[in-house]
$ cat work.json   # JSON, C-alpha atoms
[["chain", "number", "residue", "atom", "x", "y", "z"],
["A", 1, "MET", "CA", -7.42, 285.72, -76.31],
["A", 2, "SER", "CA", -10.47, 287.44, -74.89],
["A", 3, "LYS", "CA", -11.68, 287.04, -71.34],
["A", 4, "ASP", "CA", -14.54, 284.85, -72.51],
["A", 5, "ASP", "CA", -12.11, 282.48, -74.15],
["A", 6, "ILE", "CA", -9.99, 282.29, -71.01],
["A", 7, "LYS", "CA", -13.05, 281.64, -68.88],
["A", 8, "GLN", "CA", -14.24, 278.93, -71.22],
["A", 9, "THR", "CA", -10.79, 277.31, -71.18],
["A", 10, "ARG", "CA", -10.81, 277.19, -67.39],
["A", 11, "ILE", "CA", -14.29, 275.68, -67.38],
["A", 12, "ASN", "CA", -13.19, 273.03, -69.81],
["A", 13, "ASN", "CA", -10.13, 272.23, -67.67],
["A", 14, "LEU", "CA", -12.28, 271.91, -64.56],
["A", 15, "LYS", "CA", -14.69, 269.62, -66.37],
["A", 16, "GLU", "CA", -11.81, 267.46, -67.58],
["A", 17, "ALA", "CA", -10.32, 267.27, -64.05],
["A", 18, "GLN", "CA", -13.70, 266.48, -62.58],
["A", 19, "ALA", "CA", -14.29, 263.82, -65.19],
["A", 20, "SER", "CA", -10.82, 262.38, -64.51],
["A", 21, "ARG", "CA", -11.47, 262.26, -60.73],
["A", 22, "LYS", "CA", -14.87, 260.70, -61.33],
["A", 23, "GLU", "CA", -13.37, 258.08, -63.57],
["A", 24, "ASP", "CA", -10.64, 257.34, -61.03],
["A", 25, "SER", "CA", -13.20, 257.02, -58.22],
["A", 26, "LEU", "CA", -15.38, 254.79, -60.35],
["A", 27, "ASN", "CA", -12.39, 252.59, -61.08],
["A", 28, "ARG", "CA", -11.60, 252.33, -57.38],
["A", 29, "VAL", "CA", -15.24, 251.54, -56.57],
["A", 30, "ASN", "CA", -15.32, 248.85, -59.22],
["A", 31, "GLN", "CA", -12.08, 247.36, -57.92],
["A", 32, "ALA", "CA", -13.50, 247.45, -54.38],
["A", 33, "LEU", "CA", -16.65, 245.64, -55.51],
["A", 34, "LYS", "CA", -14.60, 242.99, -57.29],
["A", 35, "HIS", "CA", -12.35, 242.55, -54.27],
["A", 36, "LEU", "CA", -15.25, 242.20, -51.84],
["A", 37, "ALA", "CA", -17.08, 239.82, -54.14],
["A", 38, "HIS", "CA", -13.94, 237.70, -54.60],
["A", 39, "ARG", "CA", -13.47, 237.40, -50.86],
["A", 40, "LYS", "CA", -17.21, 236.77, -50.43],
["A", 41, "GLU", "CA", -17.45, 239.58, -47.94],
["A", 42, "LYS", "CA", -20.52, 241.62, -47.20],
["A", 43, "ILE", "CA", -21.14, 244.45, -49.74],
["A", 44, "ASN", "CA", -22.79, 247.69, -48.66],
["A", 45, "PHE", "CA", -22.05, 251.40, -48.86],
["A", 46, "TYR", "CA", -19.81, 251.31, -45.78],
["A", 47, "THR", "CA", -17.64, 248.39, -46.87],
["A", 48, "VAL", "CA", -17.32, 249.69, -50.44],
["A", 49, "ALA", "CA", -16.40, 253.21, -49.28],
["A", 50, "LYS", "CA", -13.80, 251.79, -46.89],
["A", 51, "GLN", "CA", -12.28, 249.53, -49.52],
["A", 52, "ALA", "CA", -12.28, 252.23, -52.28],
["A", 53, "LYS", "CA", -11.06, 254.90, -49.83],
["A", 54, "VAL", "CA", -13.90, 257.29, -50.59],
["A", 55, "SER", "CA", -16.67, 258.69, -48.46],
["A", 56, "VAL", "CA", -20.15, 257.17, -48.24],
["A", 57, "ALA", "CA", -21.54, 260.52, -49.36],
["A", 58, "TYR", "CA", -19.45, 260.29, -52.49],
["A", 59, "LEU", "CA", -21.08, 256.98, -53.35],
["A", 60, "TYR", "CA", -24.54, 258.45, -52.88],
["A", 61, "LYS", "CA", -23.48, 261.39, -55.09],
["A", 62, "TYR", "CA", -23.45, 259.30, -58.25],
["A", 63, "PRO", "CA", -26.75, 257.60, -59.01],
["A", 64, "GLU", "CA", -25.21, 254.87, -61.15],
["A", 65, "ILE", "CA", -22.81, 253.88, -58.31],
["A", 66, "LYS", "CA", -25.55, 254.13, -55.71],
["A", 67, "GLN", "CA", -27.87, 251.97, -57.76],
["A", 68, "ARG", "CA", -25.23, 249.34, -58.49],
["A", 69, "ILE", "CA", -24.21, 248.98, -54.81],
["A", 70, "ALA", "CA", -27.86, 248.82, -53.77],
["A", 71, "GLU", "CA", -28.60, 246.09, -56.31],
["A", 72, "ILE", "CA", -25.57, 244.02, -55.25],
["A", 73, "ARG", "CA", -26.49, 244.46, -51.59],
["A", 74, "ASN", "CA", -30.08, 243.34, -52.18],
["A", 75, "THR", "CA", -28.96, 240.40, -54.30],
["A", 76, "GLN", "CA", -26.43, 239.34, -51.70],
["A", 77, "SER", "CA", -28.95, 239.51, -48.84],
["A", 78, "SER", "CA", -31.52, 237.48, -50.80],
["A", 79, "MET", "CA", -29.07, 234.71, -51.78],
["A", 80, "PRO", "CA", -28.85, 231.61, -49.50],
["A", 81, "ARG", "CA", -25.72, 231.48, -47.41],
["A", 82, "GLU", "CA", -23.02, 229.36, -48.88],
["A", 83, "GLU", "CA", -21.66, 226.65, -46.67],
["A", 84, "LEU", "CA", -18.29, 228.25, -46.71],
["A", 85, "LYS", "CA", -16.51, 228.78, -43.49],
["A", 86, "SER", "CA", -16.43, 232.38, -42.38],
["A", 87, "THR", "CA", -13.56, 233.85, -40.41],
["A", 88, "SER", "CA", -15.35, 233.15, -37.12],
["A", 89, "GLU", "CA", -16.07, 229.56, -38.20],
["A", 90, "VAL", "CA", -12.40, 229.05, -39.02],
["A", 91, "SER", "CA", -11.48, 230.40, -35.62],
["A", 92, "GLN", "CA", -13.99, 228.12, -33.95],
["A", 93, "THR", "CA", -12.59, 225.15, -35.87],
["A", 94, "LYS", "CA", -9.12, 225.95, -34.66],
["A", 95, "ILE", "CA", -10.36, 226.33, -31.10],
["A", 96, "VAL", "CA", -12.18, 222.99, -31.26],
["A", 97, "ALA", "CA", -9.05, 221.34, -32.67],
["A", 98, "ARG", "CA", -6.95, 222.77, -29.84],
["A", 99, "ILE", "CA", -9.52, 221.62, -27.26],
["A", 100, "LYS", "CA", -9.51, 218.09, -28.69],
["A", 101, "GLU", "CA", -5.73, 218.03, -28.64],
["A", 102, "ARG", "CA", -5.74, 219.22, -25.02],
["A", 103, "ILE", "CA", -8.30, 216.54, -24.09],
["A", 104, "HIS", "CA", -6.13, 213.87, -25.68],
["A", 105, "GLN", "CA", -3.11, 215.17, -23.78],
["A", 106, "LEU", "CA", -5.01, 215.17, -20.48],
["A", 107, "GLU", "CA", -6.25, 211.63, -21.09],
["A", 108, "SER", "CA", -2.67, 210.47, -21.66],
["A", 109, "GLU", "CA", -1.54, 212.22, -18.49],
["A", 110, "ASN", "CA", -4.45, 210.68, -16.60],
["A", 111, "LYS", "CA", -3.47, 207.17, -17.72],
["A", 112, "GLU", "CA", 0.11, 207.78, -16.65],
["A", 113, "LEU", "CA", -1.03, 209.06, -13.26],
["A", 114, "LYS", "CA", -3.24, 205.99, -12.78],
["A", 115, "ARG", "CA", -0.29, 203.73, -13.57],
["A", 116, "LYS", "CA", 1.92, 205.56, -11.09],
["A", 117, "ASN", "CA", -0.88, 205.44, -8.52],
["A", 118, "GLU", "CA", -1.13, 201.65, -8.87],
["A", 119, "VAL", "CA", 2.63, 201.35, -8.42],
["A", 120, "LEU", "CA", 2.53, 203.56, -5.33],
["A", 121, "ALA", "CA", -0.43, 201.60, -3.94],
["A", 122, "GLY", "CA", 1.59, 198.40, -4.26],
["A", 123, "GLN", "CA", 4.54, 200.02, -2.51],
["A", 124, "VAL", "CA", 2.31, 201.29, 0.31],
["A", 125, "TYR", "CA", 0.85, 197.79, 0.75],
["A", 126, "ARG", "CA", 4.37, 196.36, 0.88],
["A", 127, "VAL", "CA", 5.37, 198.97, 3.48],
["A", 128, "HIS", "CA", 2.36, 198.01, 5.63],
["A", 129, "GLN", "CA", 3.36, 194.35, 5.39],
["A", 130, "LEU", "CA", 6.92, 195.18, 6.41],
["A", 131, "GLN", "CA", 5.68, 197.28, 9.32],
["A", 132, "GLU", "CA", 3.50, 194.42, 10.55],
["A", 133, "GLN", "CA", 6.42, 192.03, 10.17],
["A", 134, "ILE", "CA", 8.68, 194.40, 12.11],
["A", 135, "GLU", "CA", 6.08, 194.67, 14.87],
["A", 136, "ARG", "CA", 5.83, 190.87, 15.10],
["A", 137, "GLN", "CA", 9.61, 190.54, 15.18],
["A", 138, "ASN", "CA", 9.86, 193.24, 17.84],
["A", 139, "SER", "CA", 7.31, 191.37, 19.91],
["A", 140, "THR", "CA", 9.27, 188.14, 19.47],
["A", 141, "ILE", "CA", 12.49, 189.91, 20.43],
["A", 142, "GLN", "CA", 10.87, 191.29, 23.57],
["A", 143, "ASP", "CA", 9.65, 187.82, 24.53],
["A", 144, "LEU", "CA", 13.10, 186.33, 23.93],
["A", 145, "GLU", "CA", 14.75, 189.13, 25.90],
["A", 146, "LYS", "CA", 12.33, 188.48, 28.75],
["A", 147, "GLN", "CA", 13.15, 184.77, 28.72],
["A", 148, "LEU", "CA", 16.87, 185.54, 28.53],
["A", 149, "ASN", "CA", 16.63, 187.87, 31.51],
["A", 150, "GLU", "CA", 14.79, 185.18, 33.46],
["A", 151, "CYS", "CA", 17.49, 182.67, 32.59],
["A", 152, "LYS", "CA", 20.19, 185.15, 33.56],
["A", 153, "THR", "CA", 18.43, 185.79, 36.85],
["A", 154, "PHE", "CA", 18.29, 182.07, 37.57],
["A", 155, "ASN", "CA", 21.90, 181.38, 36.55],
["A", 156, "THR", "CA", 23.53, 184.70, 37.38],
["A", 157, "LYS", "CA", 26.00, 183.36, 39.88],
["A", 158, "SER", "CA", 26.38, 179.78, 38.73],
["A", 159, "LYS", "CA", 28.86, 180.54, 35.94],
["A", 160, "VAL", "CA", 31.01, 183.04, 37.83],
["A", 161, "THR", "CA", 30.94, 181.58, 41.34],
["A", 162, "PRO", "CA", 34.45, 181.49, 42.79],
["A", 163, "ILE", "CA", 35.92, 178.25, 44.15],
["A", 164, "LYS", "CA", 35.34, 179.33, 47.72],
["A", 165, "LYS", "CA", 31.65, 179.92, 47.08],
["A", 166, "LYS", "CA", 31.36, 176.53, 45.38],
["A", 167, "ARG", "CA", 32.71, 175.00, 48.57],
["A", 168, "TYR", "CA", 30.13, 177.01, 50.47],
["A", 169, "HIS", "CA", 27.38, 175.59, 48.26],
["A", 170, "ASN", "CA", 28.67, 172.07, 48.92],
["A", 171, "ASN", "CA", 28.04, 172.70, 52.56],
["A", 172, "LYS", "CA", 24.37, 173.40, 51.77],
["A", 173, "VAL", "CA", 23.76, 169.63, 51.47],
["A", 174, "THR", "CA", 22.88, 169.15, 55.10],
["A", 175, "ASP", "CA", 21.76, 165.51, 55.12],
["A", 176, "GLU", "CA", 24.64, 163.37, 56.33],
["A", 177, "GLN", "CA", 23.45, 160.22, 54.57],
["A", 178, "ILE", "CA", 23.24, 161.98, 51.19],
["A", 179, "LYS", "CA", 26.61, 163.63, 51.74],
["A", 180, "SER", "CA", 28.11, 160.27, 52.60],
["A", 181, "GLU", "CA", 26.66, 158.64, 49.50],
["A", 182, "LEU", "CA", 27.94, 161.44, 47.25],
["A", 183, "THR", "CA", 31.38, 161.29, 48.81],
["A", 184, "ALA", "CA", 31.49, 157.56, 48.27],
["A", 185, "LEU", "CA", 30.61, 158.05, 44.60],
["A", 186, "ASN", "CA", 33.27, 160.81, 44.33],
["A", 187, "ILE", "CA", 30.77, 163.32, 42.95],
["A", 188, "GLN", "CA", 31.73, 167.00, 43.05],
["A", 189, "ILE", "CA", 28.57, 168.93, 43.85],
["A", 190, "ASN", "CA", 28.09, 172.23, 42.02],
["A", 191, "SER", "CA", 25.63, 174.95, 42.98],
["A", 192, "THR", "CA", 22.93, 173.66, 40.63],
["A", 193, "LEU", "CA", 23.08, 170.13, 42.01],
["A", 194, "SER", "CA", 23.15, 171.36, 45.60],
["A", 195, "LYS", "CA", 20.06, 173.52, 45.03],
["A", 196, "LEU", "CA", 18.33, 170.59, 43.36],
["A", 197, "ILE", "CA", 19.09, 168.27, 46.30],
["A", 198, "GLU", "CA", 17.91, 170.82, 48.86],
["A", 199, "CYS", "CA", 14.64, 171.38, 46.96],
["A", 200, "THR", "CA", 13.86, 167.63, 46.59],
["A", 201, "THR", "CA", 12.75, 165.07, 49.12],
["A", 202, "LYS", "CA", 15.36, 162.78, 50.58],
["A", 203, "GLU", "CA", 13.60, 159.68, 49.25],
["A", 204, "ILE", "CA", 13.76, 160.88, 45.62],
["A", 205, "VAL", "CA", 17.44, 161.83, 46.05],
["A", 206, "LEU", "CA", 18.37, 158.45, 47.49],
["A", 207, "ASN", "CA", 16.43, 156.65, 44.73],
["A", 208, "ALA", "CA", 18.31, 158.69, 42.15],
["A", 209, "ILE", "CA", 21.62, 157.77, 43.84],
["A", 210, "ASP", "CA", 20.62, 154.09, 43.61],
["A", 211, "CYS", "CA", 19.93, 154.55, 39.88],
["A", 212, "LEU", "CA", 23.38, 156.10, 39.47],
["A", 213, "LYS", "CA", 24.97, 153.19, 41.36],
["A", 214, "GLY", "CA", 23.20, 150.73, 39.07],
["A", 215, "ALA", "CA", 24.40, 152.59, 35.99],
["A", 216, "LEU", "CA", 28.00, 152.75, 37.27],
["A", 217, "ALA", "CA", 27.87, 149.03, 37.99],
["A", 218, "THR", "CA", 26.83, 148.10, 34.45],
["A", 219, "THR", "CA", 28.43, 150.75, 32.26],
["A", 220, "LYS", "CA", 30.71, 153.77, 32.24],
["A", 221, "VAL", "CA", 28.87, 157.00, 33.00],
["A", 222, "LYS", "CA", 30.64, 160.00, 31.47],
["A", 223, "ASN", "CA", 29.06, 162.64, 33.72],
["A", 224, "PRO", "CA", 27.86, 161.16, 37.03],
["A", 225, "ALA", "CA", 26.84, 164.53, 38.44],
["A", 226, "GLY", "CA", 24.73, 165.32, 35.36],
["A", 227, "PHE", "CA", 23.25, 161.82, 35.45],
["A", 228, "LEU", "CA", 22.30, 162.29, 39.11],
["A", 229, "ALA", "CA", 20.71, 165.67, 38.39],
["A", 230, "GLU", "CA", 18.52, 164.14, 35.67],
["A", 231, "ALA", "CA", 17.59, 161.25, 37.94],
["A", 232, "ILE", "CA", 16.54, 163.66, 40.70],
["A", 233, "LYS", "CA", 14.56, 165.90, 38.32],
["A", 234, "ASN", "CA", 12.67, 162.95, 36.85],
["A", 235, "ALA", "CA", 12.34, 161.07, 40.16],
["A", 236, "TRP", "CA", 13.89, 157.88, 38.79],
["A", 237, "ASN", "CA", 13.37, 154.78, 40.89],
["A", 238, "LYS", "CA", 15.42, 151.69, 40.29],
["A", 239, "ASN", "CA", 12.84, 149.47, 41.99],
["A", 240, "GLN", "CA", 9.66, 151.24, 40.88],
["A", 241, "ASN", "CA", 6.55, 149.07, 40.96],
["A", 242, "ASN", "CA", 5.12, 148.74, 37.46],
["A", 243, "SER", "CA", 1.98, 146.84, 38.32],
["A", 244, "ASP", "CA", -0.10, 149.18, 36.16],
["A", 245, "ILE", "CA", 1.62, 148.04, 33.00],
["A", 246, "LEU", "CA", -0.48, 145.83, 30.77],
["A", 247, "GLU", "CA", 2.24, 143.18, 30.45],
["A", 248, "PRO", "CA", 4.36, 143.41, 33.62],
["A", 249, "GLU", "CA", 6.00, 140.01, 33.15],
["A", 250, "ILE", "CA", 7.25, 140.98, 29.69],
["A", 251, "PHE", "CA", 8.55, 144.30, 30.98],
["A", 252, "HIS", "CA", 10.34, 142.73, 33.98],
["A", 253, "GLN", "CA", 11.87, 140.07, 31.78],
["A", 254, "TRP", "CA", 13.02, 142.63, 29.18],
["A", 255, "PHE", "CA", 14.22, 145.14, 31.79],
["A", 256, "SER", "CA", 16.28, 142.52, 33.62],
["A", 257, "ILE", "CA", 18.02, 141.52, 30.41],
["A", 258, "ALA", "CA", 18.52, 145.11, 29.21],
["A", 259, "GLN", "CA", 19.90, 146.16, 32.59],
["A", 260, "SER", "CA", 22.37, 143.28, 32.63],
["A", 261, "GLN", "CA", 23.58, 144.34, 29.20],
["A", 262, "GLY", "CA", 24.01, 147.95, 30.30],
["A", 263, "LEU", "CA", 21.21, 149.33, 28.11],
["A", 264, "VAL", "CA", 19.08, 150.75, 30.92],
["A", 265, "VAL", "CA", 19.51, 151.65, 34.58],
["A", 266, "ALA", "CA", 16.02, 152.64, 35.75],
["A", 267, "SER", "CA", 12.38, 152.99, 34.76],
["A", 268, "ARG", "CA", 9.61, 155.49, 35.45],
["A", 269, "LEU", "CA", 5.87, 155.76, 34.77],
["A", 270, "ILE", "CA", 4.99, 159.30, 33.56],
["A", 271, "GLU", "CA", 1.35, 160.16, 32.84],
["A", 272, "GLY", "CA", 0.52, 156.51, 32.16],
["A", 273, "ILE", "CA", 3.51, 155.98, 29.82],
["A", 274, "LEU", "CA", 6.43, 153.80, 30.87],
["A", 275, "TYR", "CA", 9.90, 155.20, 30.24],
["A", 276, "VAL", "CA", 13.31, 153.64, 30.77],
["A", 277, "CYS", "CA", 16.50, 155.53, 31.47],
["A", 278, "THR", "CA", 19.71, 154.85, 29.60],
["A", 279, "PRO", "CA", 23.16, 155.10, 31.24],
["A", 280, "GLU", "CA", 23.56, 158.44, 29.46],
["A", 281, "GLY", "CA", 20.56, 159.81, 31.33],
["A", 282, "GLU", "CA", 18.16, 159.77, 28.37],
["A", 283, "LEU", "CA", 14.49, 158.89, 28.89],
["A", 284, "ILE", "CA", 13.07, 156.62, 26.16],
["A", 285, "SER", "CA", 9.62, 155.03, 26.07],
["A", 286, "PHE", "CA", 9.48, 151.30, 26.75],
["A", 287, "ASP", "CA", 7.56, 150.70, 23.50],
["A", 288, "GLU", "CA", 10.35, 152.30, 21.49],
["A", 289, "MET", "CA", 13.08, 150.42, 23.31],
["A", 290, "ILE", "CA", 11.45, 146.99, 23.03],
["A", 291, "THR", "CA", 10.95, 147.61, 19.31],
["A", 292, "LYS", "CA", 14.61, 148.52, 18.95],
["A", 293, "TYR", "CA", 15.85, 145.76, 21.28],
["A", 294, "PRO", "CA", 13.27, 142.93, 21.19],
["A", 295, "LEU", "CA", 13.52, 139.92, 23.48]]
$ encode --input "work.json" --output "structure tokens"
Amino acid sequence: MSKDDIKQTRINNLKEAQASRKEDSLNRVNQALKHLAHRKEKINFYTVAKQAKVSVAYLYKYPEIKQRIAEIRNTQSSMPREELKSTSEVSQTKIVARIKERIHQLESENKELKRKNEVLAGQVYRVHQLQEQIERQNSTIQDLEKQLNECKTFNTKSKVTPIKKKRYHNNKVTDEQIKSELTALNIQINSTLSKLIECTTKEIVLNAIDCLKGALATTKVKNPAGFLAEAIKNAWNKNQNNSDILEPEIFHQWFSIAQSQGLVVASRLIEGILYVCTPEGELISFDEMITKYPL
């Protein structure tokens, strides 16, 4: 084979290889165009070259490829956009969905917090009520403690006074007439009674002793000393003038009968109201007694 034949053979081989590469590239470009069109992606020289794995210059090298890409690009740009969601629109849809879900979650949490807040508000109101109640009770306790201390101060020695000191208190009744009357009635004077006698006028004490005598004469008095103390405190008078009473004759008639039957021992006018005293030392209004024990 001559040199010319060898050279021609090599040229033919190169042409075949070049044709094969061109055909392969064209196939890849066509596949790239189909792929981009199927995915509805933008078609231009850059996207086609990237998809077909060739250079942009290679695409410009072949007029038929260049023309085809240019035509598709122009057609694509002139067509109205389809209302298909792009990748960014899909992403935005997902973001919006997540935001809505988050809003719904926050609204649920907000409702739960409001409910808990209402419960706590009720508990706080209850605590305030309890605090006010405690303060009122503390105030009441302080008042009661004050009264108790006053009572203790007044009666500190009366309950624990030895026998000798009781005898000493008996000696505090200095009036001989009163002492004689009490001795005759066999009344043991305690410290309270002795203080009461010393702080009261002699006339009131003697009137009270007369009331006690009248009660002892008509009935059995369980506690003469207690009866006498009540008579002194209330200034009972066996012979009190009741001229201010609207119906004095009725009262005197009723009182005389009631006294003879041992129902009453004395009478007293207090702030315009007539009271009678029972043998037990109880003060009862005349109106109540005459209703209970009519003539």
$ closest_residue --input "work.json" --among "A:Ile69, A:Trp254, A:Ala37, A:Ser267" --to "Lys292 in chain A" --atoms "all atoms listed in the file"
A:Trp254
$ atom_distance --input "work.json" --atom1 "CA of Met289 in chain A" --atom2 "CA of Ile232 in chain A"
22.1 Å
$ residues_around --input "work.json" --residues "Glu282 in chain A" --least-positions-apart "3" --cutoff "10 Å" --atoms "all atoms listed in the file" --output "MDAnalysis selection string"
chainID A and resid 227 230:231 264 275:279
$ atom_distance --input "work.json" --atom1 "CA of Ile290 in chain A" --atom2 "CA of Leu216 in chain A"
22.6 Å
$ residues_around --input "work.json" --residues "range 19-35 of chain A" --least-positions-apart "6" --cutoff "6 Å" --atoms "only C-alpha atoms" --output "PyMOL selection string"
chain A and resi 48+51-52
$ closest_residue --input "work.json" --among "A:Lys66, A:His252, A:Lys233, A:Arg268" --to "Thr192 in chain A" --atoms "only C-alpha atoms"
A:Lys233
$ axis_aligned_box --input "work.json" --around "range 267-270 of chain A" --padding-each-side "3 Å" --output "AutoDock Vina command-line options"
--center_x 8.7 --center_y 156.1 --center_z 34.5 --size_x 13.4 --size_y 12.3 --size_z 7.9
$ atom_distance --input "work.json" --atom1 "CA of Gln188 in chain A" --atom2 "CA of Ile284 in chain A"
27.2 Å
$ build_atoms --input "work.json" --residues "range 200-218 of chain A" --atoms "N, CA and C atoms" --output "short mmCIF file (atom, residue, chain, number, x, y, z; two decimals), in the frame of the given file"
data_model
loop_
_atom_site.label_atom_id
_atom_site.label_comp_id
_atom_site.auth_asym_id
_atom_site.auth_seq_id
_atom_site.Cartn_x
_atom_site.Cartn_y
_atom_site.Cartn_z
N THR A 200 14.49 168.92 46.88
CA THR A 200 13.86 167.63 46.59
C THR A 200 13.84 166.79 47.86
N THR A 201 12.84 165.93 47.94
CA THR A 201 12.75 165.07 49.12
C THR A 201 13.91 164.09 49.18
N LYS A 202 14.23 163.68 50.37
CA LYS A 202 15.36 162.78 50.58
C LYS A 202 15.13 161.45 49.88
N GLU A 203 13.90 160.97 49.87
CA GLU A 203 13.60 159.68 49.25
C GLU A 203 13.91 159.70 47.75
N ILE A 204 13.50 160.78 47.06
CA ILE A 204 13.76 160.88 45.62
C ILE A 204 15.26 160.96 45.36
N VAL A 205 16.01 161.70 46.25
CA VAL A 205 17.44 161.83 46.05
C VAL A 205 18.14 160.49 46.24
N LEU A 206 17.74 159.74 47.26
CA LEU A 206 18.37 158.45 47.49
C LEU A 206 18.04 157.46 46.38
N ASN A 207 16.79 157.50 45.87
CA ASN A 207 16.43 156.65 44.73
C ASN A 207 17.27 156.99 43.50
N ALA A 208 17.49 158.27 43.29
CA ALA A 208 18.31 158.69 42.15
C ALA A 208 19.75 158.21 42.31
N ILE A 209 20.26 158.25 43.59
CA ILE A 209 21.62 157.77 43.84
C ILE A 209 21.71 156.27 43.55
N ASP A 210 20.63 155.53 43.91
CA ASP A 210 20.62 154.09 43.61
C ASP A 210 20.67 153.84 42.10
N CYS A 211 19.90 154.67 41.35
CA CYS A 211 19.93 154.55 39.88
C CYS A 211 21.33 154.80 39.35
N LEU A 212 22.02 155.79 39.91
CA LEU A 212 23.38 156.10 39.47
C LEU A 212 24.32 154.93 39.80
N LYS A 213 24.14 154.34 41.00
CA LYS A 213 24.97 153.19 41.36
C LYS A 213 24.77 152.05 40.38
N GLY A 214 23.48 151.79 40.02
CA GLY A 214 23.20 150.73 39.07
C GLY A 214 23.83 151.00 37.71
N ALA A 215 23.80 152.25 37.28
CA ALA A 215 24.40 152.59 35.99
C ALA A 215 25.91 152.43 36.03
N LEU A 216 26.54 152.87 37.15
CA LEU A 216 28.00 152.75 37.27
C LEU A 216 28.42 151.28 37.35
N ALA A 217 27.52 150.44 37.87
CA ALA A 217 27.87 149.03 37.99
C ALA A 217 27.82 148.31 36.65
N THR A 218 27.01 148.80 35.73
CA THR A 218 26.83 148.10 34.45
C THR A 218 27.54 148.78 33.28
#
